[in-house]
>>> print(open('protein-v8.pdb').read())   # PDB, C-alpha atoms
ATOM      1  CA  MET N   1     129.288 144.224 148.861  1.00  0.00           C
ATOM      2  CA  PRO N   2     130.000 146.089 145.618  1.00  0.00           C
ATOM      3  CA  ARG N   3     128.435 145.108 142.330  1.00  0.00           C
ATOM      4  CA  LEU N   4     130.286 142.983 139.812  1.00  0.00           C
ATOM      5  CA  SER N   5     131.642 144.865 136.845  1.00  0.00           C
ATOM      6  CA  GLU N   6     130.398 144.126 133.352  1.00  0.00           C
ATOM      7  CA  VAL N   7     133.619 142.214 132.576  1.00  0.00           C
ATOM      8  CA  ASP N   8     133.343 140.091 135.748  1.00  0.00           C
ATOM      9  CA  ARG N   9     129.718 139.225 134.955  1.00  0.00           C
ATOM     10  CA  HIS N  10     130.708 138.030 131.476  1.00  0.00           C
ATOM     11  CA  CYS N  11     133.615 136.012 132.913  1.00  0.00           C
ATOM     12  CA  ALA N  12     131.221 134.385 135.363  1.00  0.00           C
ATOM     13  CA  LEU N  13     128.812 133.601 132.516  1.00  0.00           C
ATOM     14  CA  GLY N  14     131.641 132.037 130.533  1.00  0.00           C
ATOM     15  CA  LEU N  15     132.605 129.829 133.472  1.00  0.00           C
ATOM     16  CA  LEU N  16     128.966 128.792 133.920  1.00  0.00           C
ATOM     17  CA  GLN N  17     128.661 127.952 130.231  1.00  0.00           C
ATOM     18  CA  ALA N  18     131.866 125.894 130.529  1.00  0.00           C
ATOM     19  CA  GLY N  19     129.967 123.656 132.962  1.00  0.00           C
ATOM     20  CA  LEU N  20     131.174 124.873 136.353  1.00  0.00           C
ATOM     21  CA  PRO N  21     128.577 125.010 139.145  1.00  0.00           C
ATOM     22  CA  ILE N  22     127.600 128.387 140.674  1.00  0.00           C
ATOM     23  CA  SER N  23     129.350 127.566 143.954  1.00  0.00           C
ATOM     24  CA  GLU N  24     132.649 126.878 142.136  1.00  0.00           C
ATOM     25  CA  VAL N  25     132.400 130.093 140.091  1.00  0.00           C
ATOM     26  CA  SER N  26     131.672 132.125 143.223  1.00  0.00           C
ATOM     27  CA  LEU N  27     134.697 130.595 144.971  1.00  0.00           C
ATOM     28  CA  ARG N  28     136.977 131.342 142.017  1.00  0.00           C
ATOM     29  CA  MET N  29     135.776 134.948 141.790  1.00  0.00           C
ATOM     30  CA  ASN N  30     135.695 135.378 145.585  1.00  0.00           C
ATOM     31  CA  VAL N  31     132.094 136.638 145.671  1.00  0.00           C
ATOM     32  CA  ASN N  32     128.819 135.495 147.157  1.00  0.00           C
ATOM     33  CA  ARG N  33     126.740 132.940 145.224  1.00  0.00           C
ATOM     34  CA  THR N  34     123.953 135.459 144.607  1.00  0.00           C
ATOM     35  CA  LYS N  35     126.404 137.695 142.727  1.00  0.00           C
ATOM     36  CA  ILE N  36     126.690 134.890 140.176  1.00  0.00           C
ATOM     37  CA  PHE N  37     123.110 133.575 140.305  1.00  0.00           C
ATOM     38  CA  ARG N  38     121.232 136.873 139.780  1.00  0.00           C
ATOM     39  CA  PRO N  39     123.033 138.018 136.597  1.00  0.00           C
ATOM     40  CA  ARG N  40     122.475 134.546 135.086  1.00  0.00           C
ATOM     41  CA  GLN N  41     118.810 134.680 136.051  1.00  0.00           C
ATOM     42  CA  ARG N  42     118.516 138.216 134.608  1.00  0.00           C
ATOM     43  CA  LEU N  43     120.099 136.969 131.357  1.00  0.00           C
ATOM     44  CA  HIS N  44     117.451 134.251 131.032  1.00  0.00           C
ATOM     45  CA  GLU N  45     114.593 136.668 131.832  1.00  0.00           C
ATOM     46  CA  THR N  46     115.627 139.784 129.878  1.00  0.00           C
ATOM     47  CA  ASP N  47     118.384 138.621 127.486  1.00  0.00           C
ATOM     48  CA  THR N  48     120.832 141.116 129.015  1.00  0.00           C
ATOM     49  CA  MET N  49     123.304 141.085 131.888  1.00  0.00           C
ATOM     50  CA  SER N  50     123.664 144.843 132.204  1.00  0.00           C
ATOM     51  CA  ASP N  51     122.631 146.668 135.351  1.00  0.00           C
ATOM     52  CA  ARG N  52     119.106 147.893 135.657  1.00  0.00           C
ATOM     53  CA  PRO N  53     118.682 151.667 135.764  1.00  0.00           C
ATOM     54  CA  ARG N  54     118.695 153.023 139.286  1.00  0.00           C
ATOM     55  CA  SER N  55     117.029 156.153 140.505  1.00  0.00           C
ATOM     56  CA  VAL N  56     119.250 158.875 141.930  1.00  0.00           C
ATOM     57  CA  ARG N  57     118.177 161.081 144.777  1.00  0.00           C
ATOM     58  CA  PRO N  58     116.960 164.352 143.269  1.00  0.00           C
ATOM     59  CA  ARG N  59     118.905 167.526 144.005  1.00  0.00           C
ATOM     60  CA  CYS N  60     117.181 169.875 146.404  1.00  0.00           C
ATOM     61  CA  THR N  61     118.321 172.948 144.463  1.00  0.00           C
ATOM     62  CA  THR N  62     118.244 173.790 140.804  1.00  0.00           C
ATOM     63  CA  GLN N  63     121.289 174.871 138.812  1.00  0.00           C
ATOM     64  CA  ARG N  64     119.909 178.398 138.757  1.00  0.00           C
ATOM     65  CA  GLN N  65     119.688 178.431 142.569  1.00  0.00           C
ATOM     66  CA  ASP N  66     123.254 177.120 142.755  1.00  0.00           C
ATOM     67  CA  ARG N  67     124.451 179.992 140.558  1.00  0.00           C
ATOM     68  CA  ASN N  68     122.525 182.470 142.725  1.00  0.00           C
ATOM     69  CA  LEU N  69     124.140 181.049 145.873  1.00  0.00           C
ATOM     70  CA  VAL N  70     127.599 181.491 144.395  1.00  0.00           C
ATOM     71  CA  ARG N  71     126.817 184.994 143.173  1.00  0.00           C
ATOM     72  CA  ASN N  72     125.429 186.035 146.586  1.00  0.00           C
ATOM     73  CA  HIS N  73     128.540 184.764 148.351  1.00  0.00           C
ATOM     74  CA  MET N  74     130.821 186.472 145.839  1.00  0.00           C
ATOM     75  CA  ASN N  75     129.004 189.776 146.391  1.00  0.00           C
ATOM     76  CA  ASN N  76     128.873 189.445 150.175  1.00  0.00           C
ATOM     77  CA  ARG N  77     131.991 187.664 151.407  1.00  0.00           C
ATOM     78  CA  PHE N  78     130.800 187.762 155.044  1.00  0.00           C
ATOM     79  CA  LEU N  79     127.585 185.837 154.343  1.00  0.00           C
ATOM     80  CA  SER N  80     127.627 182.567 156.265  1.00  0.00           C
ATOM     81  CA  ALA N  81     126.392 179.271 154.892  1.00  0.00           C
ATOM     82  CA  SER N  82     123.763 178.947 157.621  1.00  0.00           C
ATOM     83  CA  ALA N  83     122.393 182.437 156.890  1.00  0.00           C
ATOM     84  CA  SER N  84     122.309 181.626 153.209  1.00  0.00           C
ATOM     85  CA  SER N  85     120.465 178.358 153.860  1.00  0.00           C
ATOM     86  CA  ARG N  86     117.813 180.216 155.870  1.00  0.00           C
ATOM     87  CA  GLN N  87     117.265 182.646 152.981  1.00  0.00           C
ATOM     88  CA  THR N  88     117.172 180.061 150.187  1.00  0.00           C
ATOM     89  CA  ARG N  89     114.321 177.673 149.557  1.00  0.00           C
ATOM     90  CA  GLY N  90     114.943 174.589 147.464  1.00  0.00           C
ATOM     91  CA  ARG N  91     112.641 172.759 145.100  1.00  0.00           C
ATOM     92  CA  ASN N  92     109.058 172.367 146.294  1.00  0.00           C
ATOM     93  CA  ASN N  93     109.665 175.195 148.802  1.00  0.00           C
ATOM     94  CA  GLN N  94     111.713 172.938 151.090  1.00  0.00           C
ATOM     95  CA  ARG N  95     114.486 174.200 153.353  1.00  0.00           C
ATOM     96  CA  ILE N  96     118.065 173.423 152.428  1.00  0.00           C
ATOM     97  CA  SER N  97     120.793 172.733 154.953  1.00  0.00           C
ATOM     98  CA  ALA N  98     123.937 174.762 155.548  1.00  0.00           C
ATOM     99  CA  ASN N  99     125.974 171.734 154.466  1.00  0.00           C
ATOM    100  CA  THR N 100     124.172 171.784 151.115  1.00  0.00           C
ATOM    101  CA  VAL N 101     125.182 175.429 150.690  1.00  0.00           C
ATOM    102  CA  ARG N 102     128.789 174.559 151.608  1.00  0.00           C
ATOM    103  CA  ARG N 103     128.841 171.721 149.048  1.00  0.00           C
ATOM    104  CA  ARG N 104     127.452 173.972 146.319  1.00  0.00           C
ATOM    105  CA  LEU N 105     130.038 176.663 147.116  1.00  0.00           C
ATOM    106  CA  SER N 106     132.812 174.075 147.293  1.00  0.00           C
ATOM    107  CA  THR N 107     132.031 172.778 143.806  1.00  0.00           C
ATOM    108  CA  SER N 108     132.538 176.314 142.490  1.00  0.00           C
ATOM    109  CA  GLY N 109     135.843 176.701 144.362  1.00  0.00           C
ATOM    110  CA  LEU N 110     134.686 178.786 147.340  1.00  0.00           C
ATOM    111  CA  ARG N 111     135.368 177.855 150.943  1.00  0.00           C
ATOM    112  CA  ALA N 112     135.471 179.588 154.320  1.00  0.00           C
ATOM    113  CA  ARG N 113     138.618 181.492 155.189  1.00  0.00           C
ATOM    114  CA  ARG N 114     139.616 183.718 158.065  1.00  0.00           C
ATOM    115  CA  PRO N 115     140.344 187.283 156.987  1.00  0.00           C
ATOM    116  CA  TYR N 116     143.961 188.338 157.337  1.00  0.00           C
ATOM    117  CA  ILE N 117     144.360 191.074 159.898  1.00  0.00           C
ATOM    118  CA  GLY N 118     147.996 192.000 160.036  1.00  0.00           C
ATOM    119  CA  PRO N 119     150.226 195.011 160.131  1.00  0.00           C
ATOM    120  CA  ILE N 120     150.326 197.246 157.120  1.00  0.00           C
ATOM    121  CA  LEU N 121     153.978 197.882 156.395  1.00  0.00           C
ATOM    122  CA  THR N 122     155.000 201.342 155.286  1.00  0.00           C
ATOM    123  CA  LYS N 123     158.182 202.168 153.386  1.00  0.00           C
ATOM    124  CA  ARG N 124     159.810 203.163 156.700  1.00  0.00           C
ATOM    125  CA  HIS N 125     158.909 199.795 158.255  1.00  0.00           C
ATOM    126  CA  ARG N 126     160.335 197.871 155.307  1.00  0.00           C
ATOM    127  CA  HIS N 127     163.514 199.979 155.382  1.00  0.00           C
ATOM    128  CA  GLN N 128     163.993 199.359 159.117  1.00  0.00           C
ATOM    129  CA  ARG N 129     163.451 195.613 158.677  1.00  0.00           C
ATOM    130  CA  THR N 130     166.000 195.530 155.873  1.00  0.00           C
ATOM    131  CA  LEU N 131     168.549 197.397 158.027  1.00  0.00           C
ATOM    132  CA  TRP N 132     167.972 195.013 160.947  1.00  0.00           C
ATOM    133  CA  ALA N 133     168.432 191.985 158.682  1.00  0.00           C
ATOM    134  CA  GLN N 134     171.635 193.399 157.208  1.00  0.00           C
ATOM    135  CA  GLU N 135     173.059 194.122 160.689  1.00  0.00           C
ATOM    136  CA  HIS N 136     172.314 190.609 161.940  1.00  0.00           C
ATOM    137  CA  ALA N 137     173.226 188.706 158.772  1.00  0.00           C
ATOM    138  CA  THR N 138     176.811 188.178 159.927  1.00  0.00           C
ATOM    139  CA  TRP N 139     176.031 187.043 163.467  1.00  0.00           C
ATOM    140  CA  ASP N 140     177.426 183.681 164.481  1.00  0.00           C
ATOM    141  CA  ARG N 141     175.826 180.986 166.596  1.00  0.00           C
ATOM    142  CA  PHE N 142     177.052 182.317 169.937  1.00  0.00           C
ATOM    143  CA  GLN N 143     175.572 185.752 169.365  1.00  0.00           C
ATOM    144  CA  TRP N 144     172.206 184.231 168.482  1.00  0.00           C
ATOM    145  CA  GLN N 145     172.199 182.166 171.708  1.00  0.00           C
ATOM    146  CA  SER N 146     171.605 185.309 173.744  1.00  0.00           C
ATOM    147  CA  VAL N 147     168.432 186.119 171.801  1.00  0.00           C
ATOM    148  CA  VAL N 148     165.057 184.912 173.097  1.00  0.00           C
ATOM    149  CA  PHE N 149     162.477 184.038 170.444  1.00  0.00           C
ATOM    150  CA  SER N 150     158.822 183.954 171.376  1.00  0.00           C
ATOM    151  CA  TYR N 151     155.931 182.504 169.452  1.00  0.00           C
ATOM    152  CA  GLU N 152     152.515 183.885 170.270  1.00  0.00           C
ATOM    153  CA  SER N 153     149.286 182.185 169.302  1.00  0.00           C
ATOM    154  CA  ARG N 154     145.675 182.700 170.268  1.00  0.00           C
ATOM    155  CA  PHE N 155     143.948 179.685 171.810  1.00  0.00           C
ATOM    156  CA  CYS N 156     140.249 179.664 172.674  1.00  0.00           C
ATOM    157  CA  ILE N 157     139.252 176.276 174.028  1.00  0.00           C
ATOM    158  CA  ALA N 158     136.044 177.018 175.944  1.00  0.00           C
ATOM    159  CA  HIS N 159     134.257 179.306 173.485  1.00  0.00           C
ATOM    160  CA  GLY N 160     134.404 180.782 169.992  1.00  0.00           C
ATOM    161  CA  ASP N 161     136.962 183.519 169.477  1.00  0.00           C
ATOM    162  CA  GLY N 162     134.469 185.779 167.694  1.00  0.00           C
ATOM    163  CA  ARG N 163     136.505 186.034 164.506  1.00  0.00           C
ATOM    164  CA  VAL N 164     134.515 186.389 161.321  1.00  0.00           C
ATOM    165  CA  ARG N 165     135.226 183.877 158.597  1.00  0.00           C
ATOM    166  CA  VAL N 166     135.209 185.020 154.980  1.00  0.00           C
TER
END
>>> encode(input="protein-v8.pdb", output="structure tokens")
Amino acid sequence: MPRLSEVDRHCALGLLQAGLPISEVSLRMNVNRTKIFRPRQRLHETDTMSDRPRSVRPRCTTQRQDRNLVRNHMNNRFLSASASSRQTRGRNNQRISANTVRRRLSTSGLRARRPYIGPILTKRHRHQRTLWAQEHATWDRFQWQSVVFSYESRFCIAHGDGRVRV
């Protein structure tokens, strides 16, 4: 259950000071009784209703290591995240995961992409395509019905297709 906001805690305190029991305040605010009881108890013990400081899990890499990861991937676009994680040691000489590398690269705007391998069009190719388009621009529906369009895609279900991601 999420924590009560600072405003909700002060509203609950106001209702308690108005004489309402904890059970009634918890019903009105639609929260568990302990969500009302503990902030009131903390107010009596410490004179504050604010949240206590919480520790955050420490990052396994430093900012310098994050910059090095990004720089390495910018210099070598074919470097995979798993290879980079094997090469990089985090704080206290601990291994970092490939997902950590992906998150660090994602925060800097890098992500995996498949390289585009397509035909390189010369001036002659572009000229021929333009001529074809101009010839067929005036075709009507009946002429287009005799044309067969095909759509070709590569599907590899059982294994990886061996394409390198950039």
>>> residues_around(input="protein-v8.pdb", residues="region 82-86 of chain N", least_positions_apart="6", cutoff="10 Å", atoms="only C-alpha atoms", output="list in words")
Leu69, Asn72, His73, Arg95, Ile96, Ser97, Ala98, Asn99, Thr100, Val101 and Arg102 of chain N
>>> atom_distance(input="protein-v8.pdb", atom1="CA of Arg52 (chain N)", atom2="CA of Ala12 (chain N)")
18.1 Å
>>> atom_distance(input="protein-v8.pdb", atom1="CA of Arg9 (chain N)", atom2="CA of Glu45 (chain N)")
15.7 Å
>>> atom_distance(input="protein-v8.pdb", atom1="CA of Thr61 (chain N)", atom2="CA of Arg103 (chain N)")
11.5 Å
>>> resolve_selection(input="protein-v8.pdb", expression="the PyMOL selection byres ((chain N and resi 26) around 12)", output="tab-separated table (two decimals) with C-alpha atoms, in the frame of the given file")
chain	number	residue	atom	x	y	z
N	4	LEU	CA	130.29	142.98	139.81
N	8	ASP	CA	133.34	140.09	135.75
N	9	ARG	CA	129.72	139.22	134.96
N	11	CYS	CA	133.62	136.01	132.91
N	12	ALA	CA	131.22	134.38	135.36
N	13	LEU	CA	128.81	133.60	132.52
N	15	LEU	CA	132.60	129.83	133.47
N	16	LEU	CA	128.97	128.79	133.92
N	20	LEU	CA	131.17	124.87	136.35
N	21	PRO	CA	128.58	125.01	139.15
N	22	ILE	CA	127.60	128.39	140.67
N	23	SER	CA	129.35	127.57	143.95
N	24	GLU	CA	132.65	126.88	142.14
N	25	VAL	CA	132.40	130.09	140.09
N	27	LEU	CA	134.70	130.60	144.97
N	28	ARG	CA	136.98	131.34	142.02
N	29	MET	CA	135.78	134.95	141.79
N	30	ASN	CA	135.70	135.38	145.58
N	31	VAL	CA	132.09	136.64	145.67
N	32	ASN	CA	128.82	135.50	147.16
N	33	ARG	CA	126.74	132.94	145.22
N	34	THR	CA	123.95	135.46	144.61
N	35	LYS	CA	126.40	137.70	142.73
N	36	ILE	CA	126.69	134.89	140.18
N	37	PHE	CA	123.11	133.57	140.30
N	38	ARG	CA	121.23	136.87	139.78
>>> closest_residue(input="protein-v8.pdb", among="N:Ser108, N:Asn92, N:Ser146, N:Thr138", to="Met74 (chain N)", atoms="all atoms listed in the file")
N:Ser108
>>> closest_residue(input="protein-v8.pdb", among="N:Thr130, N:Ser80, N:Thr88, N:Gln17", to="Arg111 (chain N)", atoms="only C-alpha atoms")
N:Ser80
>>> axis_aligned_box(input="protein-v8.pdb", around="region 69-74 of chain N", padding_each_side="3 Å", output="AutoDock Vina command-line options")
--center_x 127.5 --center_y 183.8 --center_z 145.8 --size_x 12.7 --size_y 11.4 --size_z 11.2
